[in-house]
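Written below as structure tokens is the structure these notes are about.
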Amino acid sequence: MSCSLLYEGKAKIIYATADPEIVLVDFKDDATAFNALKRGSINGKGAINCQISEKLFQYLQQCGITTHLIDCPTLKQMRVRKVKILPLEVVVRNIAAGSLCQQTGLPLGEILPQPLVEFYYKNDALGDPLLTHDRLLLLKLATPDQIDRLIALALQCDRYLSEFFSNCNLTLVDFKLEFGIDSSGQLLLADEISPDTCRLWDNLEADLKNRVMDKDRFRQDLGKVENAYQQVLERVLAQFNAMNS
Ligand code: UDP
């Protein structure tokens with residue numbers, strides 16, 4: 001199999017394969033935060049995030065959402081349909097945290113009356129700014145029809161994922177999705193869904209720091225990052241297997 005490197009990002013390496021419609025994603029242990037101002041490594045993260053993403057993509061596929069996932073040839077590698085990634089981060093929030101608290105003053109942990117869908121511009125030089133609907137159109141980052149479909153898909157993913165995680169005794173606080181367009185023009189859910197891209201709070205833990213099961217442990221130096229990621233993987237595998245047995 002040919003495997004020339006196409007792209008290396010902060011958390012993944014993308015390789016070409018013999019099939020021009022398929023690429024191989026290799027998940028790295030490297031971790032960054034605050035627009036790469038904080039850098040580090042989380043032991044075993046690549047394999048954990050790859051397996052969590054695989055199961056969550058398979059689950060969402062079962063719910064009728066089309067994703068780029070094909071299969072995982074190894075624990076830290078995912079074969080996916082080649083897509084052109086839209087330069088957007090689609091964030092869905094159920095509970096106030098992170099930049100929403102910093103930018104609005106809402107208190108951490110406030111339950112939102114309804115899920116909030118936000119678009120951020122994937123542009124490191126600009127610091128991934130929050131976009132308005134009109135800015136999305138102005139910059140031609142998505143068509144009006146694509147914006148409607150992205151919002152609807154993001155809200156569907158939120159409902160399905162919140163239910164799934166609830167069965168894992170985890171609260172889905174917020175998460176980020178990325179979408180891509182394949183060679184036939186189809187819009188697909190892409191990238192990853194993992195503790196790097198979701199805020200997850202442990203329902204079995206009342207302590208505000210101990211309940212954090214996601215990349216905030218790395219961002220805020222809370223320690224036991226690997227344990228939290230491993231715990232999320234174990235719960236996701238158990239729930240996925242229970243649903244598919
Ligand atoms: N997120 C992400 N990649 C980013 C920015 C955010 O995966 O580049 C995720 C983040 O993990 C969280 C959600 O999107 O689950 C909302 O993040 P927020 O805007 O609060 O930014 P942060 O506080 O992480 O800087």
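We label chains A, B, ... in the order they appear in the structure tokens, count residues from 1 in each chain, and number ligands from 1 in the order shown.
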Practice problem: For segment 165-172 of chain A, please output as a list in words all residues within 7 Å (counting only C-alpha atoms; exclusion window: fewer than 5 positions along the same chain). | Solution: Arg199, Leu200, Trp201, Asp202, Asn203, Leu204, Arg235, Val236 and Gln239 of chain A
Exercise. Identify, counting only C-alpha atoms and all ligand atoms, the protein, DNA and RNA residues located within 10 Å of ligand 1, and give them as number ranges by chain.
Key: A: 32-36, 88-93, 96-103, 118-124, 127-130, 172-178, 192-200, 214-216, 219
Practice problem: Calculate how many Å separate atom CA of Lys84 of chain A from atom CA of Ile181 of chain A, rounding to one decimal. | Solution: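 Atom CA of Ile181 of chain A lies 5.2 Å from atom CA of Lys84 of chain A.
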Exercise. Rank A:Leu155, A:Ala16, A:Ala47, A:Cys63 by their smallest atom-to-atom distance to Asp30 of chain A, using only C-alpha atoms, and report the top residue only.
Key: A:Ala47
Quiz item: Which is closer to Ile22 of chain A than all the others in A:Ala125, A:Leu116, A:Met78, A:Ile42, using only C-alpha atoms?
Solution: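 Smallest distance to Ile22 of chain A is found for A:Met78.
Nearest to Phe240 of chain A of all the residues A:Ile48, A:Leu189, A:Leu56, A:Leu161 is A:Leu56, based on only C-alpha atoms.
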Quiz prompt | Separation of atom CA of Leu188 of chain A from atom CA of Thr67 of chain A, in Å and rounded to one decimal | solution = 4.9 Å
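As for atom CA of Glu234 of chain A and atom CA of Ile65 of chain A, they are spaced 23.5 Å apart.
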Quiz prompt | Which of A:Leu187, A:Cys72, A:Ile14, A:Cys50 sits closest to Ile85 of chain A [using only C-alpha atoms] | solution =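 Looking only at the distances to Ile85 of chain A, the closest residue turns out to be A:Leu187.
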Practice problem: Could you please write out, as a VMD selection string, every residue of segment 130-226 of chain A that DSSP assigns to helix (DSSP H, G or I)? | Solution: chain A and resid 133 to 138 144 to 166 216 to 219 225 to 226
Selected residues written out with N, CA and C atoms, as an mmCIF file, in the first residue's frame:
data_model
loop_
_atom_site.group_PDB
_atom_site.id
_atom_site.type_symbol
_atom_site.label_atom_id
_atom_site.label_comp_id
_atom_site.auth_asym_id
_atom_site.auth_seq_id
_atom_site.Cartn_x
_atom_site.Cartn_y
_atom_site.Cartn_z
ATOM 1 N N HIS A 133 -23.721 34.487 11.089
ATOM 2 C CA HIS A 133 -24.334 33.951 9.875
ATOM 3 C C HIS A 133 -23.891 34.781 8.666
ATOM 4 N N ASP A 134 -23.952 36.096 8.798
ATOM 5 C CA ASP A 134 -23.610 36.967 7.670
ATOM 6 C C ASP A 134 -22.122 36.920 7.327
ATOM 7 N N ARG A 135 -21.271 36.728 8.333
ATOM 8 C CA ARG A 135 -19.836 36.605 8.044
ATOM 9 C C ARG A 135 -19.551 35.296 7.293
ATOM 10 N N LEU A 136 -20.290 34.224 7.665
ATOM 11 C CA LEU A 136 -20.149 32.942 6.947
ATOM 12 C C LEU A 136 -20.433 33.148 5.461
ATOM 13 N N LEU A 137 -21.505 33.894 5.179
ATOM 14 C CA LEU A 137 -21.889 34.147 3.784
ATOM 15 C C LEU A 137 -20.894 35.094 3.125
ATOM 16 N N LEU A 138 -20.508 36.143 3.848
ATOM 17 C CA LEU A 138 -19.567 37.131 3.316
ATOM 18 C C LEU A 138 -18.274 36.463 2.859
ATOM 19 N N PRO A 144 -26.056 29.286 2.019
ATOM 20 C CA PRO A 144 -27.178 29.322 2.972
ATOM 21 C C PRO A 144 -27.762 27.931 3.206
ATOM 22 N N ASP A 145 -27.864 27.135 2.137
ATOM 23 C CA ASP A 145 -28.404 25.785 2.272
ATOM 24 C C ASP A 145 -27.478 24.917 3.129
ATOM 25 N N GLN A 146 -26.158 25.036 2.910
ATOM 26 C CA GLN A 146 -25.206 24.256 3.726
ATOM 27 C C GLN A 146 -25.295 24.661 5.190
ATOM 28 N N ILE A 147 -25.464 25.967 5.450
ATOM 29 C CA ILE A 147 -25.550 26.418 6.848
ATOM 30 C C ILE A 147 -26.749 25.756 7.524
ATOM 31 N N ASP A 148 -27.901 25.752 6.837
ATOM 32 C CA ASP A 148 -29.103 25.119 7.406
ATOM 33 C C ASP A 148 -28.854 23.639 7.673
ATOM 34 N N ARG A 149 -28.211 22.971 6.705
ATOM 35 C CA ARG A 149 -27.975 21.535 6.875
ATOM 36 C C ARG A 149 -26.968 21.265 7.983
ATOM 37 N N LEU A 150 -25.957 22.114 8.102
ATOM 38 C CA LEU A 150 -24.957 21.926 9.166
ATOM 39 C C LEU A 150 -25.599 22.092 10.541
ATOM 40 N N ILE A 151 -26.480 23.098 10.671
ATOM 41 C CA ILE A 151 -27.144 23.315 11.967
ATOM 42 C C ILE A 151 -28.022 22.107 12.298
ATOM 43 N N ALA A 152 -28.790 21.638 11.304
ATOM 44 C CA ALA A 152 -29.689 20.499 11.555
ATOM 45 C C ALA A 152 -28.881 19.251 11.924
ATOM 46 N N LEU A 153 -27.786 19.004 11.199
ATOM 47 C CA LEU A 153 -26.951 17.826 11.482
ATOM 48 C C LEU A 153 -26.312 17.937 12.859
ATOM 49 N N ALA A 154 -25.833 19.143 13.197
ATOM 50 C CA ALA A 154 -25.172 19.343 14.492
ATOM 51 C C ALA A 154 -26.165 19.080 15.628
ATOM 52 N N LEU A 155 -27.403 19.548 15.461
ATOM 53 C CA LEU A 155 -28.411 19.336 16.516
ATOM 54 C C LEU A 155 -28.799 17.858 16.619
ATOM 55 N N GLN A 156 -28.861 17.175 15.475
ATOM 56 C CA GLN A 156 -29.138 15.725 15.514
ATOM 57 C C GLN A 156 -28.013 14.998 16.239
ATOM 58 N N CYS A 157 -26.763 15.334 15.884
ATOM 59 C CA CYS A 157 -25.615 14.691 16.557
ATOM 60 C C CYS A 157 -25.691 14.952 18.049
ATOM 61 N N ASP A 158 -26.062 16.170 18.434
ATOM 62 C CA ASP A 158 -26.150 16.517 19.855
ATOM 63 C C ASP A 158 -27.161 15.610 20.563
ATOM 64 N N ARG A 159 -28.320 15.430 19.949
ATOM 65 C CA ARG A 159 -29.350 14.583 20.590
ATOM 66 C C ARG A 159 -28.843 13.154 20.738
ATOM 67 N N TYR A 160 -28.299 12.595 19.644
ATOM 68 C CA TYR A 160 -27.846 11.195 19.686
ATOM 69 C C TYR A 160 -26.663 11.028 20.633
ATOM 70 N N LEU A 161 -25.704 11.946 20.558
ATOM 71 C CA LEU A 161 -24.502 11.795 21.395
ATOM 72 C C LEU A 161 -24.824 12.031 22.869
ATOM 73 N N SER A 162 -25.713 13.017 23.156
ATOM 74 C CA SER A 162 -26.078 13.269 24.561
ATOM 75 C C SER A 162 -26.708 12.025 25.170
ATOM 76 N N GLU A 163 -27.553 11.353 24.391
ATOM 77 C CA GLU A 163 -28.202 10.135 24.893
ATOM 78 C C GLU A 163 -27.166 9.027 25.107
ATOM 79 N N PHE A 164 -26.281 8.876 24.119
ATOM 80 C CA PHE A 164 -25.245 7.837 24.224
ATOM 81 C C PHE A 164 -24.382 8.064 25.466
ATOM 82 N N PHE A 165 -23.882 9.292 25.610
ATOM 83 C CA PHE A 165 -22.993 9.584 26.744
ATOM 84 C C PHE A 165 -23.731 9.475 28.073
ATOM 85 N N SER A 166 -25.011 9.843 28.073
ATOM 86 C CA SER A 166 -25.796 9.721 29.302
ATOM 87 C C SER A 166 -25.819 8.255 29.760
ATOM 88 N N ASP A 216 -9.946 19.429 29.031
ATOM 89 C CA ASP A 216 -9.797 20.453 30.062
ATOM 90 C C ASP A 216 -8.817 19.991 31.147
ATOM 91 N N ARG A 217 -8.663 18.671 31.344
ATOM 92 C CA ARG A 217 -7.673 18.196 32.335
ATOM 93 C C ARG A 217 -6.276 18.615 31.895
ATOM 94 N N PHE A 218 -6.031 18.569 30.580
ATOM 95 C CA PHE A 218 -4.740 19.010 30.020
ATOM 96 C C PHE A 218 -4.665 20.537 30.016
ATOM 97 N N ARG A 219 -5.748 21.197 29.516
ATOM 98 C CA ARG A 219 -5.732 22.668 29.433
ATOM 99 C C ARG A 219 -5.474 23.289 30.794
ATOM 100 N N VAL A 225 -4.709 12.896 33.169
ATOM 101 C CA VAL A 225 -5.339 13.064 31.858
ATOM 102 C C VAL A 225 -5.554 11.702 31.201
ATOM 103 N N GLU A 226 -4.478 10.865 31.210
ATOM 104 C CA GLU A 226 -4.578 9.547 30.548
ATOM 105 C C GLU A 226 -5.701 8.717 31.156
#
Self-check item: Distance query Cys3 of chain A at most 9 Å, only C-alpha atoms, self and fewer than 3 positions along chain excluded, as a PyMOL selection string
Solution: chain A and resi 6+15-18+23-24
Output the selection as an mmCIF file, in the first residue's frame - all heavy atoms for each residue.
data_model
loop_
_atom_site.group_PDB
_atom_site.id
_atom_site.type_symbol
_atom_site.label_atom_id
_atom_site.label_comp_id
_atom_site.auth_asym_id
_atom_site.auth_seq_id
_atom_site.Cartn_x
_atom_site.Cartn_y
_atom_site.Cartn_z
ATOM 1 N N LEU A 6 0.190 13.257 3.252
ATOM 2 C CA LEU A 6 -0.522 14.353 2.597
ATOM 3 C C LEU A 6 -0.506 15.604 3.454
ATOM 4 O O LEU A 6 -0.460 16.723 2.951
ATOM 5 C CB LEU A 6 -1.987 13.961 2.345
ATOM 6 C CG LEU A 6 -2.281 12.927 1.265
ATOM 7 C CD1 LEU A 6 -3.768 12.668 1.184
ATOM 8 C CD2 LEU A 6 -1.742 13.408 -0.079
ATOM 9 N N TYR A 15 -2.398 10.265 5.445
ATOM 10 C CA TYR A 15 -1.627 9.630 4.372
ATOM 11 C C TYR A 15 -2.538 9.303 3.196
ATOM 12 O O TYR A 15 -3.704 8.913 3.397
ATOM 13 C CB TYR A 15 -1.011 8.318 4.858
ATOM 14 C CG TYR A 15 0.009 8.484 5.971
ATOM 15 C CD1 TYR A 15 -0.357 8.292 7.307
ATOM 16 C CD2 TYR A 15 1.327 8.816 5.677
ATOM 17 C CE1 TYR A 15 0.573 8.439 8.329
ATOM 18 C CE2 TYR A 15 2.260 8.968 6.697
ATOM 19 C CZ TYR A 15 1.877 8.782 8.018
ATOM 20 O OH TYR A 15 2.797 8.932 9.018
ATOM 21 N N ALA A 16 -1.981 9.407 1.996
ATOM 22 C CA ALA A 16 -2.691 8.935 0.806
ATOM 23 C C ALA A 16 -2.673 7.402 0.806
ATOM 24 O O ALA A 16 -1.796 6.790 1.430
ATOM 25 C CB ALA A 16 -2.014 9.464 -0.440
ATOM 26 N N THR A 17 -3.630 6.788 0.136
ATOM 27 C CA THR A 17 -3.611 5.329 -0.044
ATOM 28 C C THR A 17 -3.649 5.049 -1.549
ATOM 29 O O THR A 17 -3.728 5.977 -2.353
ATOM 30 C CB THR A 17 -4.836 4.650 0.620
ATOM 31 O OG1 THR A 17 -6.005 4.984 -0.141
ATOM 32 C CG2 THR A 17 -5.014 5.087 2.058
ATOM 33 N N ALA A 18 -3.639 3.755 -1.899
ATOM 34 C CA ALA A 18 -3.668 3.390 -3.321
ATOM 35 C C ALA A 18 -4.962 3.870 -3.972
ATOM 36 O O ALA A 18 -5.012 4.099 -5.172
ATOM 37 C CB ALA A 18 -3.531 1.878 -3.458
ATOM 38 N N VAL A 23 -8.311 8.055 2.358
ATOM 39 C CA VAL A 23 -7.069 8.443 3.034
ATOM 40 C C VAL A 23 -6.992 7.745 4.388
ATOM 41 O O VAL A 23 -8.005 7.286 4.932
ATOM 42 C CB VAL A 23 -6.940 9.979 3.221
ATOM 43 C CG1 VAL A 23 -6.806 10.687 1.887
ATOM 44 C CG2 VAL A 23 -8.085 10.549 4.033
ATOM 45 N N LEU A 24 -5.753 7.647 4.894
ATOM 46 C CA LEU A 24 -5.506 7.004 6.184
ATOM 47 C C LEU A 24 -5.175 8.092 7.199
ATOM 48 O O LEU A 24 -4.278 8.905 6.968
ATOM 49 C CB LEU A 24 -4.327 6.035 6.046
ATOM 50 C CG LEU A 24 -4.015 5.190 7.270
ATOM 51 C CD1 LEU A 24 -5.074 4.100 7.460
ATOM 52 C CD2 LEU A 24 -2.631 4.544 7.124
#
Self-check item: Residues of segment 31-88 of chain A in strand (DSSP E or B), written as a list of chain:residue names
Solution: A:Ala31, A:Thr32, A:Ala33, A:Lys38, A:Arg39, A:Gly40, A:Ser41, A:Thr67, A:Leu69, A:Ile70, A:Asp71, A:Cys72, A:Pro73, A:Thr74, A:Gln77, A:Met78, A:Arg79, A:Val80, A:Arg81, A:Lys84, A:Ile85, A:Leu88
Just the selected residues (N, CA, C and O atoms), exported as a CSV table (one decimal), in the first residue's frame, please.
chain,number,residue,atom,x,y,z
A,31,ALA,N,-0.7,16.8,22.1
A,31,ALA,CA,-1.8,17.6,22.5
A,31,ALA,C,-1.4,19.1,22.4
A,31,ALA,O,-0.3,19.5,22.8
A,32,THR,N,-2.4,19.9,22.0
A,32,THR,CA,-2.1,21.4,22.0
A,32,THR,C,-3.4,22.0,22.6
A,32,THR,O,-4.5,21.4,22.5
A,33,ALA,N,-3.2,23.2,23.1
A,33,ALA,CA,-4.4,24.0,23.6
A,33,ALA,C,-4.1,25.4,23.4
A,33,ALA,O,-2.9,25.8,23.2
A,38,LYS,N,0.0,26.1,24.3
A,38,LYS,CA,0.3,25.1,25.2
A,38,LYS,C,0.5,23.8,24.4
A,38,LYS,O,-0.4,23.4,23.7
A,39,ARG,N,1.6,23.1,24.6
A,39,ARG,CA,1.9,21.9,23.9
A,39,ARG,C,2.3,20.8,24.8
A,39,ARG,O,2.9,21.1,25.8
A,40,GLY,N,1.9,19.6,24.5
A,40,GLY,CA,2.3,18.5,25.3
A,40,GLY,C,2.0,17.2,24.7
A,40,GLY,O,1.8,17.1,23.5
A,41,SER,N,2.0,16.1,25.4
A,41,SER,CA,1.7,14.8,24.9
A,41,SER,C,0.9,14.0,25.9
A,41,SER,O,1.1,14.2,27.1
A,67,THR,N,-21.0,9.6,7.8
A,67,THR,CA,-19.7,10.0,8.2
A,67,THR,C,-18.6,9.6,7.2
A,67,THR,O,-18.9,8.8,6.4
A,69,LEU,N,-16.1,7.8,8.0
A,69,LEU,CA,-15.4,6.5,8.5
A,69,LEU,C,-15.6,5.4,7.5
A,69,LEU,O,-16.7,5.1,7.1
A,70,ILE,N,-14.5,4.7,7.3
A,70,ILE,CA,-14.6,3.4,6.6
A,70,ILE,C,-14.3,2.3,7.6
A,70,ILE,O,-15.2,1.5,7.9
A,71,ASP,N,-13.1,2.2,8.1
A,71,ASP,CA,-12.8,1.2,9.1
A,71,ASP,C,-11.4,1.6,9.8
A,71,ASP,O,-10.8,2.6,9.4
A,72,CYS,N,-11.0,0.8,10.8
A,72,CYS,CA,-9.8,1.1,11.5
A,72,CYS,C,-8.8,-0.1,11.3
A,72,CYS,O,-9.0,-1.1,12.0
A,73,PRO,N,-7.8,0.0,10.5
A,73,PRO,CA,-6.9,-1.1,10.3
A,73,PRO,C,-6.0,-1.3,11.5
A,73,PRO,O,-5.5,-2.5,11.7
A,74,THR,N,-5.7,-0.3,12.3
A,74,THR,CA,-5.0,-0.5,13.6
A,74,THR,C,-5.7,0.3,14.6
A,74,THR,O,-6.6,1.1,14.3
A,77,GLN,N,-5.3,4.1,13.8
A,77,GLN,CA,-5.4,4.5,12.4
A,77,GLN,C,-6.8,4.3,11.9
A,77,GLN,O,-7.4,3.2,12.1
A,78,MET,N,-7.3,5.2,11.1
A,78,MET,CA,-8.7,5.2,10.6
A,78,MET,C,-8.6,5.4,9.1
A,78,MET,O,-8.0,6.4,8.7
A,79,ARG,N,-9.3,4.5,8.4
A,79,ARG,CA,-9.4,4.8,6.9
A,79,ARG,C,-10.7,5.5,6.7
A,79,ARG,O,-11.8,5.1,7.3
A,80,VAL,N,-10.6,6.6,6.0
A,80,VAL,CA,-11.8,7.5,5.8
A,80,VAL,C,-12.0,7.9,4.4
A,80,VAL,O,-11.0,7.9,3.6
A,81,ARG,N,-13.2,8.2,4.0
A,81,ARG,CA,-13.5,8.8,2.7
A,81,ARG,C,-12.8,10.1,2.6
A,81,ARG,O,-12.9,10.9,3.5
A,84,LYS,N,-13.0,17.2,1.3
A,84,LYS,CA,-12.5,18.6,1.4
A,84,LYS,C,-13.1,19.1,2.7
A,84,LYS,O,-14.4,19.3,2.7
A,85,ILE,N,-12.3,19.3,3.7
A,85,ILE,CA,-12.9,19.8,5.0
A,85,ILE,C,-13.3,21.3,4.9
A,85,ILE,O,-12.5,22.1,4.4
A,88,LEU,N,-14.5,25.2,8.9
A,88,LEU,CA,-15.4,25.6,10.0
A,88,LEU,C,-15.4,24.6,11.2
A,88,LEU,O,-15.3,23.4,11.0
Exercise. May I ask which of the residues A:Ala190, A:Leu237, A:Leu131, A:Ala228 is the closest one to Asn43 of chain A, counting only C-alpha atoms?
Key: A:Ala228
